[in-house]
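The structure appears below as structure tokens.
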Amino acid sequence: MTPVALLLAGALLQTPPPSMTIIEPILYFDSGSTTPRPLNRRNFEVIVEYALRPDVSEVIIQAHTDTVGSVDANLALARARGQVIADRLAAEGVPPAIIRIEALGENRPARPTADGVAEPLNRYVWVDISSGVR
């Protein structure tokens with residue numbers, strides 16, 4: 001490598017990468033809770049921003065739980081989590097007619113576990129936003 005190339009490589013290595021924040025359409029919950037964790041606030045703001053776009057035709061809320069509790073109780077909890085998010089989106093101006101809730105409970109966990117395992121990564125809501133003509 002030539003001295004100039006070494007100098008340029010050294011300068012590049014010393015330049016910090018640009019600040020990046022990756023936002024996913026996901027909201028996490030504490031065990032048994034229907035209130036999203038406070039750290040999800042920015043994710044929710046971005047979800048609302050995208051859901052309010054005029055080309056959005058459908059907002060699908062997929063609600064999940066961990067495997068603690070019965071299958072029926074987890075399905076009810078997932079449904080309640082999905083409804084809380086749907087209500088919040090509607091309160092922000094997203095048309096209720098385009099919001100659909102899929103309560104999945106213990107099905108399709110982010111991190112598969114045995115029954116009865118408290119796994120924080122499995123207590124979440126994923127918001128899928130589809131575009132098309134409204």
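We name chains A, B, ... following the order of the structure tokens; residues begin at 1 in each chain, and ligands are numbered from 1 as shown.
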
Any idea what's packed within 12 Å of Leu104 of chain A, counting only C-alpha atoms, ignoring anything in its chain fewer than 4 positions away? Could you give it as a ChimeraX atom specification? /A:61-67,71-82,108-110,122-126

Find the residues near segment 47-51 of chain A: any atom within 9 Å, counting only C-alpha atoms, skip ones fewer than 2 places away on the same chain, and give them as a count of residues only. 21

Write down as a compact mmCIF listing (two decimals) with N, CA and C atoms, in the first residue's frame the residues of chain A whose backbone DSSP state falls under strand (DSSP E).
```txt
# COMPACT_ATOMS: atom_id res chain seq x y z
N ILE A 26 -42.07 -2.72 15.73
CA ILE A 26 -42.28 -3.69 16.80
C ILE A 26 -42.36 -2.96 18.14
N LEU A 27 -43.25 -3.46 18.99
CA LEU A 27 -43.45 -2.89 20.32
C LEU A 27 -43.40 -4.04 21.32
N TYR A 28 -42.61 -3.89 22.37
CA TYR A 28 -42.47 -4.93 23.38
C TYR A 28 -43.30 -4.61 24.62
N VAL A 56 -51.31 4.16 2.24
CA VAL A 56 -51.45 2.98 3.10
C VAL A 56 -52.87 2.43 2.98
N SER A 57 -52.96 1.14 2.66
CA SER A 57 -54.27 0.51 2.49
C SER A 57 -54.64 -0.42 3.63
N GLU A 58 -53.64 -0.87 4.40
CA GLU A 58 -53.93 -1.79 5.49
C GLU A 58 -52.83 -1.74 6.54
N VAL A 59 -53.25 -1.82 7.80
CA VAL A 59 -52.33 -1.89 8.93
C VAL A 59 -52.70 -3.16 9.69
N ILE A 60 -51.79 -4.13 9.67
CA ILE A 60 -52.04 -5.40 10.34
C ILE A 60 -51.22 -5.44 11.62
N ILE A 61 -51.90 -5.63 12.73
CA ILE A 61 -51.25 -5.71 14.03
C ILE A 61 -51.19 -7.18 14.43
N GLN A 62 -49.98 -7.72 14.49
CA GLN A 62 -49.78 -9.11 14.90
C GLN A 62 -49.30 -9.12 16.34
N ALA A 63 -50.15 -9.64 17.24
CA ALA A 63 -49.87 -9.58 18.67
C ALA A 63 -49.45 -10.95 19.20
N HIS A 64 -48.38 -10.96 19.98
CA HIS A 64 -47.77 -12.20 20.47
C HIS A 64 -47.60 -12.18 21.99
N ILE A 99 -57.37 -0.94 9.88
CA ILE A 99 -56.62 -1.62 10.93
C ILE A 99 -57.21 -3.01 11.15
N ARG A 100 -56.34 -4.03 11.15
CA ARG A 100 -56.76 -5.40 11.42
C ARG A 100 -55.84 -6.00 12.48
N ILE A 101 -56.43 -6.72 13.42
CA ILE A 101 -55.67 -7.35 14.50
C ILE A 101 -55.60 -8.85 14.27
N GLU A 102 -54.39 -9.40 14.37
CA GLU A 102 -54.18 -10.85 14.35
C GLU A 102 -53.60 -11.23 15.70
N ALA A 103 -54.41 -11.84 16.55
CA ALA A 103 -53.94 -12.28 17.86
C ALA A 103 -53.33 -13.67 17.69
N LEU A 104 -52.02 -13.77 17.87
CA LEU A 104 -51.32 -15.03 17.65
C LEU A 104 -50.94 -15.72 18.95
N GLY A 105 -51.00 -15.01 20.07
CA GLY A 105 -50.66 -15.63 21.35
C GLY A 105 -49.27 -16.24 21.33
N TYR A 124 -44.58 -9.28 22.22
CA TYR A 124 -44.47 -8.15 21.30
C TYR A 124 -45.67 -8.04 20.37
N VAL A 125 -45.76 -6.88 19.76
CA VAL A 125 -46.69 -6.62 18.68
C VAL A 125 -45.87 -6.16 17.49
N TRP A 126 -46.13 -6.76 16.34
CA TRP A 126 -45.49 -6.38 15.08
C TRP A 126 -46.55 -5.68 14.24
N VAL A 127 -46.23 -4.53 13.68
CA VAL A 127 -47.19 -3.79 12.86
C VAL A 127 -46.73 -3.84 11.41
N ASP A 128 -47.55 -4.45 10.57
CA ASP A 128 -47.26 -4.61 9.15
C ASP A 128 -48.11 -3.59 8.39
N ILE A 129 -47.46 -2.71 7.66
CA ILE A 129 -48.15 -1.63 6.96
C ILE A 129 -48.06 -1.89 5.46
N SER A 130 -49.23 -2.02 4.82
CA SER A 130 -49.28 -2.28 3.38
C SER A 130 -49.72 -1.02 2.65
N SER A 131 -49.10 -0.79 1.51
CA SER A 131 -49.50 0.38 0.74
C SER A 131 -50.30 -0.06 -0.47
```

One decimal place gives the atom CA of Arg88 of chain A-atom CA of Ser33 of chain A separation as 15.5 Å

From the DSSP assignment of the backbone, select every residue of chain A that is helix (DSSP H, G or I), and format the answer as a compact mmCIF listing (two decimals) with all heavy atoms, in the first residue's frame.
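Generated file (part_3.txt):
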```txt
# COMPACT_ATOMS: atom_id res chain seq x y z
N PRO A 3 2.04 5.20 0.67
CA PRO A 3 1.85 6.06 1.83
C PRO A 3 0.56 6.88 1.76
O PRO A 3 -0.10 7.11 2.77
CB PRO A 3 3.08 6.96 1.81
CG PRO A 3 4.11 6.21 1.06
CD PRO A 3 3.35 5.37 0.08
N VAL A 4 0.17 7.32 0.56
CA VAL A 4 -1.06 8.09 0.42
C VAL A 4 -2.27 7.21 0.75
O VAL A 4 -3.18 7.61 1.46
CB VAL A 4 -1.18 8.68 -1.00
CG1 VAL A 4 -2.55 9.33 -1.21
CG2 VAL A 4 -0.09 9.70 -1.24
N ALA A 5 -2.25 5.97 0.24
CA ALA A 5 -3.36 5.05 0.52
C ALA A 5 -3.44 4.75 2.01
O ALA A 5 -4.52 4.67 2.58
CB ALA A 5 -3.19 3.76 -0.29
N LEU A 6 -2.26 4.59 2.65
CA LEU A 6 -2.24 4.34 4.09
C LEU A 6 -2.81 5.54 4.85
O LEU A 6 -3.56 5.38 5.80
CB LEU A 6 -0.82 4.05 4.57
CG LEU A 6 -0.29 2.66 4.26
CD1 LEU A 6 1.19 2.57 4.63
CD2 LEU A 6 -1.09 1.62 5.02
N LEU A 7 -2.43 6.73 4.40
CA LEU A 7 -2.93 7.94 5.03
C LEU A 7 -4.45 8.05 4.89
O LEU A 7 -5.16 8.33 5.85
CB LEU A 7 -2.25 9.18 4.41
CG LEU A 7 -2.68 10.53 4.97
CD1 LEU A 7 -2.31 10.64 6.45
CD2 LEU A 7 -2.03 11.65 4.20
N LEU A 8 -4.97 7.77 3.69
CA LEU A 8 -6.41 7.82 3.47
C LEU A 8 -7.12 6.74 4.28
O LEU A 8 -8.16 6.99 4.89
CB LEU A 8 -6.73 7.65 1.99
CG LEU A 8 -6.37 8.83 1.10
CD1 LEU A 8 -6.61 8.50 -0.36
CD2 LEU A 8 -7.18 10.06 1.50
N ALA A 9 -6.57 5.54 4.31
CA ALA A 9 -7.18 4.46 5.09
C ALA A 9 -7.20 4.83 6.57
O ALA A 9 -8.19 4.60 7.26
CB ALA A 9 -6.43 3.15 4.87
N GLY A 10 -6.11 5.41 7.05
CA GLY A 10 -6.06 5.83 8.45
C GLY A 10 -7.08 6.91 8.74
O GLY A 10 -7.75 6.89 9.78
N ALA A 11 -7.27 7.84 7.82
CA ALA A 11 -8.26 8.91 8.01
C ALA A 11 -9.66 8.33 8.02
O ALA A 11 -10.51 8.73 8.82
CB ALA A 11 -8.11 9.95 6.91
N LEU A 12 -9.91 7.36 7.14
CA LEU A 12 -11.23 6.74 7.10
C LEU A 12 -11.52 5.98 8.38
O LEU A 12 -12.62 5.99 8.89
CB LEU A 12 -11.34 5.81 5.89
CG LEU A 12 -11.44 6.50 4.52
CD1 LEU A 12 -11.41 5.47 3.42
CD2 LEU A 12 -12.68 7.36 4.43
N LEU A 13 -10.51 5.29 8.89
CA LEU A 13 -10.70 4.51 10.10
C LEU A 13 -10.94 5.40 11.32
O LEU A 13 -11.58 4.99 12.27
CB LEU A 13 -9.50 3.60 10.36
CG LEU A 13 -9.35 2.44 9.36
CD1 LEU A 13 -8.06 1.68 9.64
CD2 LEU A 13 -10.54 1.50 9.43
N GLN A 14 -10.42 6.62 11.27
CA GLN A 14 -10.59 7.53 12.40
C GLN A 14 -11.89 8.33 12.32
O GLN A 14 -12.26 8.98 13.28
CB GLN A 14 -9.40 8.48 12.47
CG GLN A 14 -8.13 7.76 12.82
CD GLN A 14 -6.92 8.68 12.77
OE1 GLN A 14 -7.06 9.89 12.65
NE2 GLN A 14 -5.74 8.10 12.86
N PRO A 38 -42.03 1.68 27.79
CA PRO A 38 -41.74 3.09 27.48
C PRO A 38 -40.65 3.28 26.42
O PRO A 38 -40.69 4.26 25.67
CB PRO A 38 -41.30 3.66 28.83
CG PRO A 38 -41.92 2.79 29.84
CD PRO A 38 -41.97 1.42 29.22
N LEU A 39 -39.71 2.36 26.33
CA LEU A 39 -38.63 2.50 25.35
C LEU A 39 -39.12 2.35 23.92
O LEU A 39 -38.39 2.62 22.98
CB LEU A 39 -37.53 1.47 25.62
CG LEU A 39 -36.77 1.66 26.93
CD1 LEU A 39 -35.80 0.51 27.16
CD2 LEU A 39 -36.02 2.99 26.93
N ASN A 40 -40.37 1.95 23.74
CA ASN A 40 -40.95 1.76 22.40
C ASN A 40 -41.53 3.04 21.82
O ASN A 40 -42.04 3.02 20.71
CB ASN A 40 -42.08 0.72 22.47
CG ASN A 40 -41.59 -0.66 22.76
OD1 ASN A 40 -41.05 -1.32 21.89
ND2 ASN A 40 -41.78 -1.10 23.98
N ARG A 41 -41.48 4.12 22.55
CA ARG A 41 -42.14 5.36 22.12
C ARG A 41 -41.72 5.78 20.70
O ARG A 41 -42.56 6.10 19.87
CB ARG A 41 -41.87 6.48 23.11
CG ARG A 41 -42.58 7.77 22.78
CD ARG A 41 -42.31 8.88 23.79
NE ARG A 41 -41.07 8.64 24.49
CZ ARG A 41 -40.93 8.60 25.82
NH1 ARG A 41 -41.95 8.82 26.58
NH2 ARG A 41 -39.78 8.36 26.38
N ARG A 42 -40.44 5.77 20.42
CA ARG A 42 -39.98 6.20 19.08
C ARG A 42 -40.47 5.23 18.00
O ARG A 42 -40.88 5.67 16.93
CB ARG A 42 -38.45 6.33 19.05
CG ARG A 42 -37.92 6.78 17.71
CD ARG A 42 -38.33 8.21 17.38
NE ARG A 42 -37.89 8.55 16.04
CZ ARG A 42 -38.64 9.13 15.13
NH1 ARG A 42 -39.87 9.50 15.38
NH2 ARG A 42 -38.17 9.39 13.93
N ASN A 43 -40.45 3.94 18.29
CA ASN A 43 -40.97 2.98 17.32
C ASN A 43 -42.44 3.29 17.01
O ASN A 43 -42.86 3.26 15.86
CB ASN A 43 -40.85 1.55 17.84
CG ASN A 43 -39.44 1.03 17.77
OD1 ASN A 43 -38.48 1.78 17.65
ND2 ASN A 43 -39.29 -0.27 17.88
N PHE A 44 -43.22 3.57 18.06
CA PHE A 44 -44.64 3.87 17.85
C PHE A 44 -44.81 5.13 17.00
O PHE A 44 -45.65 5.17 16.10
CB PHE A 44 -45.37 4.01 19.19
CG PHE A 44 -46.85 4.22 19.00
CD1 PHE A 44 -47.67 3.17 18.62
CD2 PHE A 44 -47.41 5.48 19.18
CE1 PHE A 44 -49.03 3.37 18.43
CE2 PHE A 44 -48.77 5.68 18.99
CZ PHE A 44 -49.58 4.62 18.61
N GLU A 45 -44.01 6.15 17.27
CA GLU A 45 -44.09 7.39 16.49
C GLU A 45 -43.84 7.12 15.01
O GLU A 45 -44.53 7.67 14.15
CB GLU A 45 -43.09 8.41 17.03
CG GLU A 45 -43.45 8.96 18.39
CD GLU A 45 -42.33 9.78 19.02
OE1 GLU A 45 -41.22 9.87 18.44
OE2 GLU A 45 -42.56 10.32 20.11
N VAL A 46 -42.86 6.28 14.71
CA VAL A 46 -42.54 5.97 13.31
C VAL A 46 -43.66 5.13 12.69
O VAL A 46 -44.03 5.34 11.53
CB VAL A 46 -41.17 5.26 13.20
CG1 VAL A 46 -40.93 4.75 11.80
CG2 VAL A 46 -40.07 6.22 13.61
N ILE A 47 -44.22 4.19 13.45
CA ILE A 47 -45.35 3.40 12.96
C ILE A 47 -46.50 4.33 12.59
O ILE A 47 -47.09 4.20 11.51
CB ILE A 47 -45.78 2.36 14.02
CG1 ILE A 47 -44.71 1.27 14.15
CG2 ILE A 47 -47.14 1.76 13.67
CD1 ILE A 47 -44.89 0.37 15.36
N VAL A 48 -46.82 5.28 13.45
CA VAL A 48 -47.90 6.23 13.17
C VAL A 48 -47.57 7.03 11.92
O VAL A 48 -48.43 7.20 11.03
CB VAL A 48 -48.15 7.17 14.37
CG1 VAL A 48 -49.06 8.33 13.99
CG2 VAL A 48 -48.72 6.39 15.55
N GLU A 49 -46.35 7.51 11.83
CA GLU A 49 -45.93 8.31 10.67
C GLU A 49 -46.18 7.55 9.37
O GLU A 49 -46.73 8.09 8.41
CB GLU A 49 -44.46 8.67 10.81
CG GLU A 49 -43.89 9.52 9.72
CD GLU A 49 -42.41 9.81 9.94
OE1 GLU A 49 -42.00 9.99 11.11
OE2 GLU A 49 -41.68 9.83 8.95
N TYR A 50 -45.78 6.29 9.33
CA TYR A 50 -45.97 5.48 8.12
C TYR A 50 -47.44 5.14 7.90
O TYR A 50 -47.92 5.16 6.77
CB TYR A 50 -45.13 4.20 8.18
CG TYR A 50 -43.71 4.44 7.75
CD1 TYR A 50 -42.74 4.80 8.66
CD2 TYR A 50 -43.34 4.31 6.41
CE1 TYR A 50 -41.44 5.03 8.27
CE2 TYR A 50 -42.05 4.55 6.01
CZ TYR A 50 -41.08 4.91 6.95
OH TYR A 50 -39.81 5.14 6.55
N ALA A 51 -48.17 4.81 8.97
CA ALA A 51 -49.57 4.42 8.84
C ALA A 51 -50.45 5.56 8.36
O ALA A 51 -51.52 5.33 7.78
CB ALA A 51 -50.08 3.87 10.17
N VAL A 71 -52.79 -21.49 26.87
CA VAL A 71 -52.91 -21.06 25.47
C VAL A 71 -54.06 -20.07 25.32
O VAL A 71 -53.93 -19.04 24.66
CB VAL A 71 -53.11 -22.29 24.55
CG1 VAL A 71 -53.46 -21.87 23.14
CG2 VAL A 71 -51.86 -23.17 24.55
N ASP A 72 -55.20 -20.37 25.96
CA ASP A 72 -56.36 -19.48 25.87
C ASP A 72 -56.09 -18.11 26.51
O ASP A 72 -56.47 -17.07 25.96
CB ASP A 72 -57.58 -20.12 26.53
CG ASP A 72 -58.12 -21.30 25.72
OD1 ASP A 72 -57.82 -21.38 24.51
OD2 ASP A 72 -58.83 -22.13 26.30
N ALA A 73 -55.44 -18.12 27.68
CA ALA A 73 -55.13 -16.86 28.35
C ALA A 73 -54.16 -16.03 27.50
O ALA A 73 -54.30 -14.80 27.41
CB ALA A 73 -54.53 -17.11 29.73
N ASN A 74 -53.20 -16.68 26.87
CA ASN A 74 -52.24 -15.96 26.04
C ASN A 74 -52.89 -15.41 24.77
O ASN A 74 -52.55 -14.33 24.31
CB ASN A 74 -51.04 -16.84 25.72
CG ASN A 74 -50.10 -16.95 26.90
OD1 ASN A 74 -50.02 -16.04 27.72
ND2 ASN A 74 -49.41 -18.06 27.01
N LEU A 75 -53.83 -16.15 24.24
CA LEU A 75 -54.56 -15.65 23.08
C LEU A 75 -55.38 -14.41 23.45
O LEU A 75 -55.38 -13.42 22.71
CB LEU A 75 -55.47 -16.74 22.52
CG LEU A 75 -56.02 -16.51 21.13
CD1 LEU A 75 -54.91 -16.28 20.11
CD2 LEU A 75 -56.88 -17.69 20.71
N ALA A 76 -56.02 -14.44 24.62
CA ALA A 76 -56.78 -13.27 25.10
C ALA A 76 -55.85 -12.09 25.36
O ALA A 76 -56.18 -10.95 25.02
CB ALA A 76 -57.56 -13.63 26.36
N LEU A 77 -54.68 -12.34 25.94
CA LEU A 77 -53.71 -11.28 26.19
C LEU A 77 -53.21 -10.68 24.88
O LEU A 77 -53.11 -9.46 24.74
CB LEU A 77 -52.54 -11.81 27.02
CG LEU A 77 -51.41 -10.83 27.32
CD1 LEU A 77 -51.91 -9.60 28.06
CD2 LEU A 77 -50.30 -11.52 28.12
N ALA A 78 -52.93 -11.53 23.91
CA ALA A 78 -52.48 -11.04 22.60
C ALA A 78 -53.57 -10.18 21.97
O ALA A 78 -53.28 -9.11 21.41
CB ALA A 78 -52.12 -12.22 21.69
N ARG A 79 -54.80 -10.62 22.05
CA ARG A 79 -55.93 -9.86 21.49
C ARG A 79 -56.02 -8.49 22.18
O ARG A 79 -56.20 -7.46 21.52
CB ARG A 79 -57.22 -10.63 21.67
CG ARG A 79 -58.38 -10.09 20.86
CD ARG A 79 -59.62 -10.98 20.92
NE ARG A 79 -59.36 -12.29 20.32
CZ ARG A 79 -59.32 -13.46 20.99
NH1 ARG A 79 -59.55 -13.48 22.29
NH2 ARG A 79 -59.08 -14.58 20.37
N ALA A 80 -55.86 -8.46 23.49
CA ALA A 80 -55.92 -7.20 24.25
C ALA A 80 -54.76 -6.29 23.86
O ALA A 80 -54.95 -5.07 23.71
CB ALA A 80 -55.91 -7.48 25.75
N ARG A 81 -53.56 -6.84 23.70
CA ARG A 81 -52.42 -6.03 23.26
C ARG A 81 -52.68 -5.44 21.89
O ARG A 81 -52.42 -4.25 21.65
CB ARG A 81 -51.14 -6.88 23.24
CG ARG A 81 -50.59 -7.18 24.60
CD ARG A 81 -49.38 -8.08 24.53
NE ARG A 81 -48.85 -8.27 25.88
CZ ARG A 81 -47.98 -9.20 26.21
NH1 ARG A 81 -47.53 -10.04 25.30
NH2 ARG A 81 -47.55 -9.29 27.46
N GLY A 82 -53.17 -6.25 20.98
CA GLY A 82 -53.47 -5.76 19.64
C GLY A 82 -54.50 -4.66 19.65
O GLY A 82 -54.38 -3.67 18.93
N GLN A 83 -55.52 -4.81 20.51
CA GLN A 83 -56.58 -3.79 20.59
C GLN A 83 -56.05 -2.48 21.13
O GLN A 83 -56.42 -1.40 20.66
CB GLN A 83 -57.75 -4.29 21.44
CG GLN A 83 -58.96 -3.40 21.36
CD GLN A 83 -59.52 -3.32 19.95
OE1 GLN A 83 -59.85 -4.35 19.35
NE2 GLN A 83 -59.62 -2.12 19.40
N VAL A 84 -55.16 -2.55 22.12
CA VAL A 84 -54.55 -1.33 22.67
C VAL A 84 -53.81 -0.58 21.58
O VAL A 84 -53.95 0.64 21.43
CB VAL A 84 -53.61 -1.66 23.86
CG1 VAL A 84 -52.71 -0.49 24.19
CG2 VAL A 84 -54.42 -2.07 25.08
N ILE A 85 -53.03 -1.30 20.78
CA ILE A 85 -52.27 -0.64 19.71
C ILE A 85 -53.22 -0.11 18.64
O ILE A 85 -53.04 1.00 18.14
CB ILE A 85 -51.22 -1.60 19.12
CG1 ILE A 85 -50.23 -2.04 20.20
CG2 ILE A 85 -50.49 -0.95 17.94
CD1 ILE A 85 -49.56 -0.91 20.97
N ALA A 86 -54.25 -0.87 18.28
CA ALA A 86 -55.23 -0.41 17.29
C ALA A 86 -55.91 0.87 17.78
O ALA A 86 -56.07 1.83 17.01
CB ALA A 86 -56.27 -1.50 17.04
N ASP A 87 -56.29 0.90 19.05
CA ASP A 87 -56.94 2.09 19.61
C ASP A 87 -56.00 3.29 19.60
O ASP A 87 -56.42 4.41 19.29
CB ASP A 87 -57.42 1.82 21.03
CG ASP A 87 -58.57 0.83 21.10
OD1 ASP A 87 -59.19 0.55 20.04
OD2 ASP A 87 -58.84 0.32 22.20
N ARG A 88 -54.73 3.05 19.91
CA ARG A 88 -53.76 4.17 19.91
C ARG A 88 -53.53 4.69 18.49
O ARG A 88 -53.39 5.89 18.28
CB ARG A 88 -52.44 3.72 20.54
CG ARG A 88 -52.54 3.58 22.04
CD ARG A 88 -51.19 3.30 22.63
NE ARG A 88 -51.26 3.25 24.08
CZ ARG A 88 -50.21 3.18 24.85
NH1 ARG A 88 -49.00 3.17 24.34
NH2 ARG A 88 -50.34 3.13 26.17
N LEU A 89 -53.46 3.77 17.52
CA LEU A 89 -53.29 4.21 16.14
C LEU A 89 -54.50 5.02 15.68
O LEU A 89 -54.34 6.06 15.04
CB LEU A 89 -53.07 3.00 15.22
CG LEU A 89 -51.73 2.30 15.35
CD1 LEU A 89 -51.71 1.01 14.53
CD2 LEU A 89 -50.58 3.22 14.92
N ALA A 90 -55.69 4.55 16.01
CA ALA A 90 -56.91 5.28 15.64
C ALA A 90 -56.93 6.66 16.30
O ALA A 90 -57.33 7.64 15.68
CB ALA A 90 -58.14 4.47 16.03
N ALA A 91 -56.49 6.73 17.55
CA ALA A 91 -56.44 8.02 18.26
C ALA A 91 -55.47 8.99 17.59
O ALA A 91 -55.63 10.21 17.69
CB ALA A 91 -56.05 7.81 19.72
N PRO A 96 -59.70 3.56 11.40
CA PRO A 96 -59.97 2.24 11.97
C PRO A 96 -60.34 1.18 10.92
O PRO A 96 -60.06 0.01 11.11
CB PRO A 96 -61.14 2.49 12.93
CG PRO A 96 -61.03 3.93 13.28
CD PRO A 96 -60.50 4.60 12.05
N ALA A 97 -60.92 1.62 9.80
CA ALA A 97 -61.33 0.68 8.76
C ALA A 97 -60.16 -0.06 8.12
O ALA A 97 -60.34 -1.14 7.54
CB ALA A 97 -62.13 1.41 7.69
N ILE A 98 -58.95 0.50 8.21
CA ILE A 98 -57.80 -0.17 7.58
C ILE A 98 -56.97 -0.95 8.61
O ILE A 98 -55.97 -1.57 8.26
CB ILE A 98 -56.90 0.81 6.80
CG1 ILE A 98 -56.17 1.78 7.73
CG2 ILE A 98 -57.71 1.55 5.74
CD1 ILE A 98 -55.07 2.56 7.06
N PRO A 120 -38.89 -12.41 27.22
CA PRO A 120 -39.25 -11.03 26.85
C PRO A 120 -39.35 -10.78 25.35
O PRO A 120 -40.18 -9.98 24.92
CB PRO A 120 -38.13 -10.19 27.47
CG PRO A 120 -37.59 -11.04 28.58
CD PRO A 120 -37.74 -12.46 28.11
N LEU A 121 -38.54 -11.45 24.55
CA LEU A 121 -38.59 -11.23 23.10
C LEU A 121 -39.87 -11.74 22.46
O LEU A 121 -40.19 -11.38 21.33
CB LEU A 121 -37.38 -11.88 22.42
CG LEU A 121 -36.03 -11.25 22.71
CD1 LEU A 121 -34.93 -12.02 22.00
CD2 LEU A 121 -36.01 -9.79 22.28
N ASN A 122 -40.61 -12.58 23.17
CA ASN A 122 -41.85 -13.13 22.62
C ASN A 122 -43.09 -12.33 23.02
O ASN A 122 -44.19 -12.63 22.57
CB ASN A 122 -42.02 -14.59 23.05
CG ASN A 122 -40.99 -15.48 22.38
OD1 ASN A 122 -40.44 -15.12 21.34
ND2 ASN A 122 -40.70 -16.61 22.97
```

Shortest interatomic distance to Ser70 of chain A - which of A:Gly32, A:Gly132, A:Pro112, A:Pro95, counting only C-alpha atoms: A:Gly32
